[in-house]
$ cat my_file.cif   # mmCIF, C-alpha atoms
data_data
loop_
_atom_site.group_PDB
_atom_site.id
_atom_site.type_symbol
_atom_site.label_atom_id
_atom_site.label_comp_id
_atom_site.auth_asym_id
_atom_site.auth_seq_id
_atom_site.Cartn_x
_atom_site.Cartn_y
_atom_site.Cartn_z
ATOM 1 C CA MET J 1 -1.455 2.598 30.703
ATOM 2 C CA GLU J 2 -2.171 4.394 27.434
ATOM 3 C CA GLN J 3 -3.238 2.161 24.571
ATOM 4 C CA THR J 4 -0.741 1.929 21.719
ATOM 5 C CA TYR J 5 -1.890 1.156 18.183
ATOM 6 C CA ALA J 6 -0.326 -0.178 15.015
ATOM 7 C CA CYS J 7 -0.414 3.303 13.498
ATOM 8 C CA ASP J 8 -0.267 6.903 14.704
ATOM 9 C CA LEU J 9 -0.715 10.351 13.178
ATOM 10 C CA ALA J 10 3.022 10.735 12.553
ATOM 11 C CA ALA J 11 3.024 7.506 10.506
ATOM 12 C CA ILE J 12 0.111 8.769 8.418
ATOM 13 C CA GLU J 13 1.807 12.109 7.786
ATOM 14 C CA LEU J 14 5.010 10.288 6.807
ATOM 15 C CA ALA J 15 3.004 8.045 4.492
ATOM 16 C CA ARG J 16 1.593 11.094 2.786
ATOM 17 C CA GLN J 17 5.067 12.447 2.089
ATOM 18 C CA ARG J 18 6.188 9.060 0.793
ATOM 19 C CA ILE J 19 3.295 8.378 -1.574
ATOM 20 C CA ARG J 20 2.072 11.826 -2.536
ATOM 21 C CA SER J 21 3.812 11.990 -5.905
ATOM 22 C CA HIS J 22 2.417 8.577 -6.876
ATOM 23 C CA LEU J 23 -1.265 9.293 -6.132
ATOM 24 C CA HIS J 24 -4.142 11.336 -7.412
ATOM 25 C CA GLU J 25 -5.397 13.816 -4.847
ATOM 26 C CA THR J 26 -8.978 12.822 -5.385
ATOM 27 C CA PRO J 27 -11.712 15.462 -5.553
ATOM 28 C CA VAL J 28 -14.582 16.044 -3.160
ATOM 29 C CA ILE J 29 -17.978 16.518 -4.780
ATOM 30 C CA THR J 30 -21.427 17.434 -3.520
ATOM 31 C CA CYS J 31 -24.936 16.724 -4.797
ATOM 32 C CA GLN J 32 -27.914 18.784 -3.679
ATOM 33 C CA ALA J 33 -30.396 16.049 -4.565
ATOM 34 C CA LEU J 34 -28.616 13.543 -2.321
ATOM 35 C CA ASP J 35 -28.298 16.142 0.447
ATOM 36 C CA ALA J 36 -32.060 16.597 0.368
ATOM 37 C CA MET J 37 -32.633 12.852 0.592
ATOM 38 C CA ALA J 38 -30.166 12.456 3.454
ATOM 39 C CA GLY J 39 -31.347 15.512 5.358
ATOM 40 C CA ARG J 40 -27.767 16.766 5.769
ATOM 41 C CA GLN J 41 -24.828 17.977 3.666
ATOM 42 C CA LEU J 42 -22.738 15.138 2.236
ATOM 43 C CA PHE J 43 -19.189 15.661 0.974
ATOM 44 C CA PHE J 44 -18.097 12.739 -1.183
ATOM 45 C CA LYS J 45 -14.369 11.925 -1.175
ATOM 46 C CA CYS J 46 -13.997 10.276 -4.576
ATOM 47 C CA GLU J 47 -11.509 7.457 -4.125
ATOM 48 C CA ASN J 48 -13.307 5.789 -7.042
ATOM 49 C CA LEU J 49 -11.178 8.198 -9.088
ATOM 50 C CA GLN J 50 -7.918 7.061 -7.447
ATOM 51 C CA LYS J 51 -5.369 5.034 -9.405
ATOM 52 C CA VAL J 52 -6.590 1.424 -9.831
ATOM 53 C CA GLY J 53 -10.050 2.828 -9.120
ATOM 54 C CA ALA J 54 -9.869 2.490 -5.340
ATOM 55 C CA PHE J 55 -8.382 3.847 -2.107
ATOM 56 C CA LYS J 56 -6.403 0.602 -1.793
ATOM 57 C CA TYR J 57 -3.616 2.123 -3.873
ATOM 58 C CA ARG J 58 -2.706 4.399 -0.970
ATOM 59 C CA GLY J 59 -1.954 1.625 1.505
ATOM 60 C CA ALA J 60 -0.358 -0.698 -1.032
ATOM 61 C CA THR J 61 1.971 2.043 -2.295
ATOM 62 C CA ASN J 62 3.001 3.027 1.223
ATOM 63 C CA ALA J 63 3.696 -0.598 2.143
ATOM 64 C CA VAL J 64 5.686 -1.340 -1.016
ATOM 65 C CA LEU J 65 7.732 1.867 -0.838
ATOM 66 C CA SER J 66 8.431 1.270 2.875
ATOM 67 C CA LEU J 67 10.276 -1.974 2.169
ATOM 68 C CA THR J 68 14.054 -1.892 2.433
ATOM 69 C CA ASP J 69 15.989 -2.740 -0.712
ATOM 70 C CA GLU J 70 16.762 -6.124 0.810
ATOM 71 C CA GLU J 71 13.088 -6.791 1.591
ATOM 72 C CA ALA J 72 12.029 -5.659 -1.884
ATOM 73 C CA GLN J 73 14.636 -7.490 -3.952
ATOM 74 C CA ASN J 74 12.510 -10.637 -4.362
ATOM 75 C CA GLY J 75 9.287 -8.759 -4.983
ATOM 76 C CA VAL J 76 6.024 -8.816 -3.061
ATOM 77 C CA VAL J 77 3.152 -11.232 -2.639
ATOM 78 C CA THR J 78 -0.433 -10.809 -1.496
ATOM 79 C CA HIS J 79 -3.746 -12.609 -1.664
ATOM 80 C CA SER J 80 -6.784 -10.708 -2.876
ATOM 81 C CA SER J 81 -9.647 -11.066 -5.306
ATOM 82 C CA GLY J 82 -10.094 -7.397 -5.990
ATOM 83 C CA ASN J 83 -8.840 -3.866 -5.503
ATOM 84 C CA HIS J 84 -5.885 -4.681 -3.228
ATOM 85 C CA ALA J 85 -4.588 -7.136 -5.820
ATOM 86 C CA GLN J 86 -4.532 -4.433 -8.469
ATOM 87 C CA ALA J 87 -3.060 -1.899 -6.062
ATOM 88 C CA VAL J 88 -0.130 -4.116 -5.061
ATOM 89 C CA ALA J 89 0.566 -5.009 -8.686
ATOM 90 C CA LEU J 90 0.751 -1.344 -9.724
ATOM 91 C CA ALA J 91 2.714 -0.298 -6.638
ATOM 92 C CA ALA J 92 5.254 -3.051 -7.320
ATOM 93 C CA ARG J 93 5.567 -1.984 -10.954
ATOM 94 C CA THR J 94 6.152 1.577 -9.777
ATOM 95 C CA ARG J 95 9.060 0.379 -7.650
ATOM 96 C CA GLY J 96 10.307 -1.947 -10.382
ATOM 97 C CA ILE J 97 9.883 -5.203 -8.482
ATOM 98 C CA ALA J 98 7.883 -8.384 -9.066
ATOM 99 C CA ALA J 99 4.337 -8.834 -7.772
ATOM 100 C CA HIS J 100 2.918 -12.314 -7.103
ATOM 101 C CA ILE J 101 -0.852 -12.103 -6.603
ATOM 102 C CA VAL J 102 -2.771 -15.080 -5.233
ATOM 103 C CA MET J 103 -6.366 -14.864 -6.479
ATOM 104 C CA PRO J 104 -9.261 -17.269 -5.871
ATOM 105 C CA SER J 105 -10.481 -19.225 -8.871
ATOM 106 C CA ASN J 106 -13.853 -17.469 -8.722
ATOM 107 C CA ALA J 107 -12.379 -13.965 -8.946
ATOM 108 C CA PRO J 108 -13.899 -12.075 -11.869
ATOM 109 C CA ALA J 109 -11.901 -12.412 -15.066
ATOM 110 C CA ILE J 110 -11.929 -8.633 -15.447
ATOM 111 C CA LYS J 111 -10.040 -8.282 -12.148
ATOM 112 C CA ARG J 112 -7.474 -10.931 -13.055
ATOM 113 C CA ALA J 113 -6.928 -9.149 -16.352
ATOM 114 C CA ALA J 114 -6.413 -5.848 -14.521
ATOM 115 C CA VAL J 115 -3.774 -7.379 -12.232
ATOM 116 C CA GLU J 116 -1.961 -8.854 -15.209
ATOM 117 C CA GLY J 117 -2.235 -5.532 -17.011
ATOM 118 C CA TYR J 118 -0.305 -3.918 -14.147
ATOM 119 C CA GLY J 119 2.402 -6.557 -14.552
ATOM 120 C CA GLY J 120 1.364 -8.837 -11.697
ATOM 121 C CA ARG J 121 1.779 -12.610 -11.830
ATOM 122 C CA VAL J 122 -1.535 -14.242 -10.938
ATOM 123 C CA ILE J 123 -1.508 -17.543 -9.028
ATOM 124 C CA ARG J 124 -4.946 -19.130 -8.762
ATOM 125 C CA CYS J 125 -6.184 -20.967 -5.687
ATOM 126 C CA GLU J 126 -9.401 -22.407 -4.309
ATOM 127 C CA PRO J 127 -11.886 -19.757 -3.097
ATOM 128 C CA THR J 128 -11.281 -20.156 0.644
ATOM 129 C CA LEU J 129 -9.255 -18.062 3.075
ATOM 130 C CA GLU J 130 -7.239 -21.135 4.051
ATOM 131 C CA ALA J 131 -6.331 -21.771 0.400
ATOM 132 C CA ARG J 132 -5.352 -18.147 -0.103
ATOM 133 C CA GLU J 133 -3.066 -18.133 2.926
ATOM 134 C CA THR J 134 -1.548 -21.531 2.153
ATOM 135 C CA THR J 135 -0.864 -20.614 -1.466
ATOM 136 C CA ALA J 136 0.644 -17.271 -0.473
ATOM 137 C CA ALA J 137 2.928 -19.063 1.990
ATOM 138 C CA GLU J 138 4.034 -21.416 -0.786
ATOM 139 C CA VAL J 139 4.812 -18.471 -3.065
ATOM 140 C CA ILE J 140 6.822 -16.802 -0.301
ATOM 141 C CA ALA J 141 8.795 -20.013 0.243
ATOM 142 C CA GLU J 142 9.400 -20.311 -3.502
ATOM 143 C CA THR J 143 10.336 -16.696 -4.223
ATOM 144 C CA GLY J 144 11.398 -15.045 -0.971
ATOM 145 C CA ALA J 145 8.915 -12.256 -1.695
ATOM 146 C CA SER J 146 7.671 -9.950 1.076
ATOM 147 C CA PHE J 147 4.022 -10.284 2.079
ATOM 148 C CA ILE J 148 1.720 -7.226 1.869
ATOM 149 C CA HIS J 149 -1.447 -7.863 3.885
ATOM 150 C CA PRO J 150 -4.616 -6.210 2.533
ATOM 151 C CA TYR J 151 -5.336 -4.374 5.805
ATOM 152 C CA ASN J 152 -3.604 -5.905 8.839
ATOM 153 C CA ASP J 153 -0.336 -4.043 8.217
ATOM 154 C CA PRO J 154 0.786 -0.782 9.875
ATOM 155 C CA HIS J 155 2.030 0.712 6.596
ATOM 156 C CA VAL J 156 -1.237 -0.150 4.844
ATOM 157 C CA ILE J 157 -3.284 1.440 7.643
ATOM 158 C CA ALA J 158 -1.111 4.569 7.527
ATOM 159 C CA GLY J 159 -1.475 4.822 3.765
ATOM 160 C CA GLN J 160 -5.244 4.556 3.957
ATOM 161 C CA GLY J 161 -5.268 7.267 6.620
ATOM 162 C CA THR J 162 -3.927 9.780 4.098
ATOM 163 C CA THR J 163 -7.471 9.847 2.692
ATOM 164 C CA ALA J 164 -8.552 11.731 5.805
ATOM 165 C CA LEU J 165 -5.628 14.158 5.682
ATOM 166 C CA GLU J 166 -6.755 15.258 2.222
ATOM 167 C CA LEU J 167 -10.447 15.380 3.136
ATOM 168 C CA LEU J 168 -9.830 17.535 6.212
ATOM 169 C CA GLU J 169 -7.901 20.017 4.051
ATOM 170 C CA GLN J 170 -10.538 20.015 1.326
ATOM 171 C CA VAL J 171 -13.608 20.481 3.539
ATOM 172 C CA SER J 172 -13.708 22.511 6.733
ATOM 173 C CA GLY J 173 -16.161 22.089 9.572
ATOM 174 C CA LEU J 174 -17.048 18.436 9.115
ATOM 175 C CA ASP J 175 -19.182 16.998 11.900
ATOM 176 C CA ALA J 176 -18.687 13.349 10.941
ATOM 177 C CA ILE J 177 -16.890 11.068 8.487
ATOM 178 C CA ILE J 178 -18.254 7.713 7.381
ATOM 179 C CA THR J 179 -16.395 4.976 5.527
ATOM 180 C CA PRO J 180 -17.338 1.426 4.590
ATOM 181 C CA VAL J 181 -15.661 -1.244 6.718
ATOM 182 C CA GLY J 182 -14.406 -4.671 5.669
ATOM 183 C CA GLY J 183 -10.990 -5.514 7.100
ATOM 184 C CA GLY J 184 -10.894 -2.084 8.710
ATOM 185 C CA GLY J 185 -7.697 -0.619 7.245
ATOM 186 C CA LEU J 186 -9.391 2.505 5.899
ATOM 187 C CA LEU J 187 -11.647 3.092 8.895
ATOM 188 C CA SER J 188 -8.661 2.617 11.228
ATOM 189 C CA GLY J 189 -6.459 5.043 9.325
ATOM 190 C CA VAL J 190 -9.212 7.649 9.063
ATOM 191 C CA SER J 191 -9.912 7.289 12.802
ATOM 192 C CA ILE J 192 -6.283 7.852 13.781
ATOM 193 C CA ALA J 193 -5.935 10.861 11.457
ATOM 194 C CA CYS J 194 -9.109 12.497 12.746
ATOM 195 C CA ARG J 195 -8.387 11.840 16.410
ATOM 196 C CA GLY J 196 -5.020 13.525 15.938
ATOM 197 C CA LEU J 197 -6.179 16.524 13.897
ATOM 198 C CA ALA J 198 -9.916 16.993 14.528
ATOM 199 C CA PRO J 199 -10.981 14.967 17.582
ATOM 200 C CA GLU J 200 -14.424 16.561 17.586
ATOM 201 C CA ILE J 201 -15.394 14.736 14.372
ATOM 202 C CA MET J 202 -17.652 11.709 14.810
ATOM 203 C CA ILE J 203 -16.255 8.587 13.099
ATOM 204 C CA LEU J 204 -18.775 6.165 11.613
ATOM 205 C CA GLY J 205 -18.508 2.891 9.750
ATOM 206 C CA ALA J 206 -20.979 1.394 7.283
ATOM 207 C CA GLU J 207 -21.318 -2.350 6.857
ATOM 208 C CA PRO J 208 -23.548 -4.791 4.961
ATOM 209 C CA ALA J 209 -26.033 -6.606 7.177
ATOM 210 C CA GLY J 210 -24.834 -9.845 5.594
ATOM 211 C CA ALA J 211 -21.219 -9.236 6.613
ATOM 212 C CA ASP J 212 -21.552 -7.419 9.922
ATOM 213 C CA ASP J 213 -18.635 -8.678 11.996
ATOM 214 C CA ALA J 214 -17.550 -5.127 12.878
ATOM 215 C CA ALA J 215 -20.989 -4.205 14.208
ATOM 216 C CA ARG J 216 -21.216 -7.454 16.155
ATOM 217 C CA SER J 217 -17.706 -6.972 17.517
ATOM 218 C CA MET J 218 -18.572 -3.448 18.690
ATOM 219 C CA GLU J 219 -21.721 -4.724 20.393
ATOM 220 C CA ALA J 220 -19.853 -7.568 22.100
ATOM 221 C CA GLY J 221 -16.792 -5.525 23.010
ATOM 222 C CA LYS J 222 -14.517 -8.187 21.549
ATOM 223 C CA LEU J 223 -13.344 -9.242 18.098
ATOM 224 C CA ILE J 224 -15.848 -11.581 16.467
ATOM 225 C CA PRO J 225 -14.647 -13.198 13.232
ATOM 226 C CA GLN J 226 -16.644 -13.030 10.036
ATOM 227 C CA GLU J 227 -18.409 -16.302 9.243
ATOM 228 C CA GLY J 228 -20.271 -17.041 6.033
ATOM 229 C CA PRO J 229 -20.599 -13.476 4.743
ATOM 230 C CA ASN J 230 -23.276 -12.930 2.128
ATOM 231 C CA THR J 231 -23.459 -9.536 0.439
ATOM 232 C CA ILE J 232 -23.207 -7.887 -2.945
ATOM 233 C CA ALA J 233 -20.496 -5.632 -1.476
ATOM 234 C CA ASP J 234 -17.653 -7.994 -2.348
ATOM 235 C CA GLY J 235 -14.982 -5.649 -1.022
ATOM 236 C CA LEU J 236 -16.393 -5.927 2.515
ATOM 237 C CA LEU J 237 -16.357 -9.693 3.043
ATOM 238 C CA THR J 238 -13.263 -9.873 5.237
ATOM 239 C CA SER J 239 -13.010 -9.880 9.020
ATOM 240 C CA LEU J 240 -11.427 -7.129 11.065
ATOM 241 C CA GLY J 241 -7.779 -7.807 11.922
ATOM 242 C CA GLU J 242 -6.009 -7.809 15.261
ATOM 243 C CA LEU J 243 -4.376 -4.489 14.310
ATOM 244 C CA THR J 244 -7.498 -2.748 13.021
ATOM 245 C CA TRP J 245 -9.950 -3.939 15.686
ATOM 246 C CA PRO J 246 -8.479 -2.042 18.694
ATOM 247 C CA ILE J 247 -8.422 1.223 16.739
ATOM 248 C CA ILE J 248 -12.025 0.811 15.612
ATOM 249 C CA ARG J 249 -13.128 -0.331 19.077
ATOM 250 C CA ASP J 250 -11.655 2.762 20.726
ATOM 251 C CA HIS J 251 -12.274 5.495 18.148
ATOM 252 C CA VAL J 252 -15.370 4.682 16.084
ATOM 253 C CA GLU J 253 -18.656 5.858 17.540
ATOM 254 C CA ARG J 254 -20.886 3.528 15.589
ATOM 255 C CA ILE J 255 -21.134 0.931 12.818
ATOM 256 C CA ILE J 256 -24.312 1.281 10.726
ATOM 257 C CA ARG J 257 -25.712 -1.853 9.071
ATOM 258 C CA VAL J 258 -27.467 -1.643 5.708
ATOM 259 C CA ASP J 259 -29.013 -4.421 3.644
ATOM 260 C CA ASP J 260 -28.095 -5.281 0.075
ATOM 261 C CA ASP J 261 -31.253 -3.754 -1.415
ATOM 262 C CA ALA J 262 -30.323 -0.418 0.160
ATOM 263 C CA ILE J 263 -26.749 -0.735 -1.120
ATOM 264 C CA VAL J 264 -27.881 -1.400 -4.687
ATOM 265 C CA SER J 265 -30.401 1.433 -4.504
ATOM 266 C CA ALA J 266 -27.761 3.878 -3.244
ATOM 267 C CA MET J 267 -25.312 2.766 -5.936
ATOM 268 C CA ARG J 268 -27.838 3.333 -8.691
ATOM 269 C CA LEU J 269 -28.944 6.636 -7.210
ATOM 270 C CA PHE J 270 -25.377 7.927 -7.124
ATOM 271 C CA TRP J 271 -24.805 6.905 -10.739
ATOM 272 C CA GLU J 272 -27.980 8.712 -11.771
ATOM 273 C CA ARG J 273 -27.678 11.877 -9.659
ATOM 274 C CA ALA J 274 -23.920 12.400 -9.284
ATOM 275 C CA LYS J 275 -22.975 10.915 -12.684
ATOM 276 C CA LEU J 276 -20.049 8.935 -11.278
ATOM 277 C CA VAL J 277 -19.455 5.178 -11.137
ATOM 278 C CA ILE J 278 -19.135 3.624 -7.682
ATOM 279 C CA GLU J 279 -19.090 -0.042 -6.705
ATOM 280 C CA PRO J 280 -21.411 -1.659 -4.131
ATOM 281 C CA SER J 281 -18.829 -1.482 -1.333
ATOM 282 C CA ALA J 282 -18.540 2.281 -1.790
ATOM 283 C CA ALA J 283 -22.319 2.667 -1.960
ATOM 284 C CA THR J 284 -22.607 1.134 1.505
ATOM 285 C CA ALA J 285 -21.597 4.424 3.152
ATOM 286 C CA LEU J 286 -24.138 6.403 1.112
ATOM 287 C CA ALA J 287 -26.815 3.812 1.865
ATOM 288 C CA ALA J 288 -26.212 4.347 5.585
ATOM 289 C CA MET J 289 -26.722 8.097 5.182
ATOM 290 C CA LEU J 290 -29.918 7.625 3.171
ATOM 291 C CA ASP J 291 -31.442 5.037 5.518
ATOM 292 C CA ALA J 292 -34.432 6.547 7.330
ATOM 293 C CA SER J 293 -33.579 4.510 10.416
ATOM 294 C CA THR J 294 -30.118 6.108 10.709
ATOM 295 C CA THR J 295 -30.450 8.664 13.472
ATOM 296 C CA LEU J 296 -27.447 10.790 14.339
ATOM 297 C CA GLU J 297 -26.944 13.185 17.208
ATOM 298 C CA PRO J 298 -28.264 16.749 16.788
ATOM 299 C CA GLY J 299 -25.767 18.989 15.047
ATOM 300 C CA ILE J 300 -24.358 16.313 12.709
ATOM 301 C CA GLU J 301 -25.036 18.322 9.574
ATOM 302 C CA ARG J 302 -21.838 18.088 7.493
ATOM 303 C CA VAL J 303 -20.695 14.528 6.773
ATOM 304 C CA GLY J 304 -17.697 13.367 4.776
ATOM 305 C CA VAL J 305 -18.496 10.176 2.859
ATOM 306 C CA VAL J 306 -15.538 8.169 1.569
ATOM 307 C CA LEU J 307 -16.403 6.514 -1.754
ATOM 308 C CA THR J 308 -13.931 3.664 -1.638
ATOM 309 C CA GLY J 309 -13.906 2.447 -5.232
ATOM 310 C CA GLY J 310 -15.485 2.305 -8.639
ATOM 311 C CA ASN J 311 -14.479 -1.038 -10.094
ATOM 312 C CA VAL J 312 -17.648 -2.540 -11.521
ATOM 313 C CA ASP J 313 -18.228 -5.206 -14.153
ATOM 314 C CA LEU J 314 -20.477 -3.241 -16.490
ATOM 315 C CA ALA J 315 -21.851 -6.467 -17.952
ATOM 316 C CA GLN J 316 -23.121 -7.543 -14.514
ATOM 317 C CA LEU J 317 -24.870 -4.516 -13.034
ATOM 318 C CA PRO J 318 -26.954 -5.482 -9.988
ATOM 319 C CA TRP J 319 -30.129 -3.729 -11.095
ATOM 320 C CA GLN J 320 -30.034 -5.686 -14.345
ATOM 321 C CA GLN J 321 -30.308 -8.885 -12.300
ATOM 322 C CA GLY J 322 -33.572 -8.010 -10.645
ATOM 323 C CA ASN J 323 -31.939 -6.654 -7.466
ATOM 324 C CA GLY J 324 -32.551 -3.377 -5.735
ATOM 325 C CA GLU J 325 -35.800 -2.570 -7.465
#

$ encode --input "my_file.cif" --output "structure tokens"
Amino acid sequence: MEQTYACDLAAIELARQRIRSHLHETPVITCQALDAMAGRQLFFKCENLQKVGAFKYRGATNAVLSLTDEEAQNGVVTHSSGNHAQAVALAARTRGIAAHIVMPSNAPAIKRAAVEGYGGRVIRCEPTLEARETTAAEVIAETGASFIHPYNDPHVIAGQGTTALELLEQVSGLDAIITPVGGGGLLSGVSIACRGLAPEIMILGAEPAGADDAARSMEAGKLIPQEGPNTIADGLLTSLGELTWPIIRDHVERIIRVDDDAIVSAMRLFWERAKLVIEPSAATALAAMLDASTTLEPGIERVGVVLTGGNVDLAQLPWQQGNGE
């Protein structure tokens, strides 16, 4: 029996129609110096230039706009310490509904301020997944708000997949696409879009060695939860979900691990050579392409690299802390 997934190409195309007027169609850039270092042509899809500074706005907007009026009347709630929190807050403001954002107490103040700047109500909790989920459940009980999961949601996956629809129109003849992987919403959406429109393209994921549940899951052939992640790429700390895992299992050729030193080095290199700000999570995909141990099949010459975000605390740059040197 044919495998069915949480999302299909039709859902991604519908998401694009729904959210198109609310998004930036982000540019694709190239850099000859980075091509030379990688030994192949890299085409950078700049989701660091998306609204809220990250691809997360695609999925959050699709999820919020997909709610019925009845589902939306009491607003939305999510738990997130970063880009998804900001994305849901802005998407809710766009629809004119309330956004209740559960954030761990150790979330950077700059990110809390951004959520509040988009009109979101921040509810603090202890920095554990259990506390996040419990607090979100309490907010739902109190408000009747609809929950928007950061990645384990069909509408979120479909929204993230619109990244690939744009990239495939912007660059012809790609041999592979690589995205970072945390919860797997982006990688899942990109996989579904490419399998429907360009099945010959190799789909790759990039993951920190200190948060490598996707790589370990692929090796084991079953979903292995993330335990005790430790990486500078704070957007990639989460485990794959039960909706994203089957898509990644069946459609992604490989997950490439990179260590934090390589991530920091790639981040700094991109700032210096491409003159654009990316965050560590986004740099993970570039780090995988620059790693000398990354061997790809012959003929993989043109690679799309999704730069997932550019939200960085400029007062806490990793190379100013003695890392990545």

$ closest_residue --input "my_file.cif" --among "J:Val115, J:Cys31, J:Leu174, J:Ala91" --to "Val64 (chain J)" --atoms "all atoms listed in the file"
J:Ala91

$ resolve_selection --input "my_file.cif" --expression "the PyMOL selection byres ((chain J and resi 207) around 10)" --output "list of chain:residue names"
J:Thr179, J:Pro180, J:Val181, J:Gly182, J:Gly205, J:Ala206, J:Pro208, J:Ala209, J:Gly210, J:Ala211, J:Asp212, J:Asp213, J:Ala214, J:Ala215, J:Thr231, J:Ala233, J:Leu236, J:Leu237, J:Ile255, J:Ile256, J:Arg257, J:Val258, J:Asp259, J:Ile263, J:Ser281, J:Thr284, J:Ala285, J:Ala287, J:Ala288

$ atom_distance --input "my_file.cif" --atom1 "CA of Lys56 (chain J)" --atom2 "CA of Thr128 (chain J)"
21.5 Å

$ closest_residue --input "my_file.cif" --among "J:Val303, J:Leu197, J:Val312, J:Ile157" --to "Ile278 (chain J)" --atoms "all atoms listed in the file"
J:Val312

$ atom_distance --input "my_file.cif" --atom1 "CA of Ala54 (chain J)" --atom2 "CA of Asn311 (chain J)"
7.5 Å

$ resolve_selection --input "my_file.cif" --expression "the PyMOL selection byres ((chain J and resi 73-85) around 7)" --output "PyMOL selection string"
chain J and resi 54+56+69-72+86-89+97-104+107+111+115+132+136+143-150

$ closest_atom_pairs --input "my_file.cif" --of "region 61-161 of chain J" --to "region 11-24 of chain J" --cutoff "8 Å" --atoms "only C-alpha atoms" --output "tab-separated table"
residue	atom	partner	partner_atom	distance
J:Thr61	CA	J:Ile19	CA	6.5
J:Asn62	CA	J:Ala15	CA	6.0
J:Leu65	CA	J:Arg18	CA	7.5
J:His155	CA	J:Ala15	CA	7.7
J:Ala158	CA	J:Ile12	CA	4.5
J:Gly159	CA	J:Ala15	CA	5.6
J:Gly161	CA	J:Ile12	CA	5.9

$ resolve_selection --input "my_file.cif" --expression "the PyMOL selection byres ((chain J and resi 188) around 12)" --output "JSON, numbers by chain"
{"J": [5, 6, 7, 8, 9, 12, 59, 151, 152, 153, 154, 155, 156, 157, 158, 159, 160, 161, 162, 163, 164, 178, 179, 180, 181, 182, 183, 184, 185, 186, 187, 189, 190, 191, 192, 193, 194, 195, 203, 204, 205, 214, 240, 241, 242, 243, 244, 245, 246, 247, 248, 249, 250, 251, 252]}

$ write_last_selection --input "my_file.cif" --atoms "C-alpha atoms" --output "JSON list (two decimals), in the coordinates of the input"
[["chain", "number", "residue", "atom", "x", "y", "z"],
["J", 5, "TYR", "CA", -1.89, 1.16, 18.18],
["J", 6, "ALA", "CA", -0.33, -0.18, 15.02],
["J", 7, "CYS", "CA", -0.41, 3.30, 13.50],
["J", 8, "ASP", "CA", -0.27, 6.90, 14.70],
["J", 9, "LEU", "CA", -0.72, 10.35, 13.18],
["J", 12, "ILE", "CA", 0.11, 8.77, 8.42],
["J", 59, "GLY", "CA", -1.95, 1.62, 1.50],
["J", 151, "TYR", "CA", -5.34, -4.37, 5.80],
["J", 152, "ASN", "CA", -3.60, -5.90, 8.84],
["J", 153, "ASP", "CA", -0.34, -4.04, 8.22],
["J", 154, "PRO", "CA", 0.79, -0.78, 9.88],
["J", 155, "HIS", "CA", 2.03, 0.71, 6.60],
["J", 156, "VAL", "CA", -1.24, -0.15, 4.84],
["J", 157, "ILE", "CA", -3.28, 1.44, 7.64],
["J", 158, "ALA", "CA", -1.11, 4.57, 7.53],
["J", 159, "GLY", "CA", -1.48, 4.82, 3.76],
["J", 160, "GLN", "CA", -5.24, 4.56, 3.96],
["J", 161, "GLY", "CA", -5.27, 7.27, 6.62],
["J", 162, "THR", "CA", -3.93, 9.78, 4.10],
["J", 163, "THR", "CA", -7.47, 9.85, 2.69],
["J", 164, "ALA", "CA", -8.55, 11.73, 5.80],
["J", 178, "ILE", "CA", -18.25, 7.71, 7.38],
["J", 179, "THR", "CA", -16.40, 4.98, 5.53],
["J", 180, "PRO", "CA", -17.34, 1.43, 4.59],
["J", 181, "VAL", "CA", -15.66, -1.24, 6.72],
["J", 182, "GLY", "CA", -14.41, -4.67, 5.67],
["J", 183, "GLY", "CA", -10.99, -5.51, 7.10],
["J", 184, "GLY", "CA", -10.89, -2.08, 8.71],
["J", 185, "GLY", "CA", -7.70, -0.62, 7.24],
["J", 186, "LEU", "CA", -9.39, 2.50, 5.90],
["J", 187, "LEU", "CA", -11.65, 3.09, 8.90],
["J", 189, "GLY", "CA", -6.46, 5.04, 9.32],
["J", 190, "VAL", "CA", -9.21, 7.65, 9.06],
["J", 191, "SER", "CA", -9.91, 7.29, 12.80],
["J", 192, "ILE", "CA", -6.28, 7.85, 13.78],
["J", 193, "ALA", "CA", -5.94, 10.86, 11.46],
["J", 194, "CYS", "CA", -9.11, 12.50, 12.75],
["J", 195, "ARG", "CA", -8.39, 11.84, 16.41],
["J", 203, "ILE", "CA", -16.26, 8.59, 13.10],
["J", 204, "LEU", "CA", -18.77, 6.16, 11.61],
["J", 205, "GLY", "CA", -18.51, 2.89, 9.75],
["J", 214, "ALA", "CA", -17.55, -5.13, 12.88],
["J", 240, "LEU", "CA", -11.43, -7.13, 11.06],
["J", 241, "GLY", "CA", -7.78, -7.81, 11.92],
["J", 242, "GLU", "CA", -6.01, -7.81, 15.26],
["J", 243, "LEU", "CA", -4.38, -4.49, 14.31],
["J", 244, "THR", "CA", -7.50, -2.75, 13.02],
["J", 245, "TRP", "CA", -9.95, -3.94, 15.69],
["J", 246, "PRO", "CA", -8.48, -2.04, 18.69],
["J", 247, "ILE", "CA", -8.42, 1.22, 16.74],
["J", 248, "ILE", "CA", -12.02, 0.81, 15.61],
["J", 249, "ARG", "CA", -13.13, -0.33, 19.08],
["J", 250, "ASP", "CA", -11.66, 2.76, 20.73],
["J", 251, "HIS", "CA", -12.27, 5.50, 18.15],
["J", 252, "VAL", "CA", -15.37, 4.68, 16.08]]
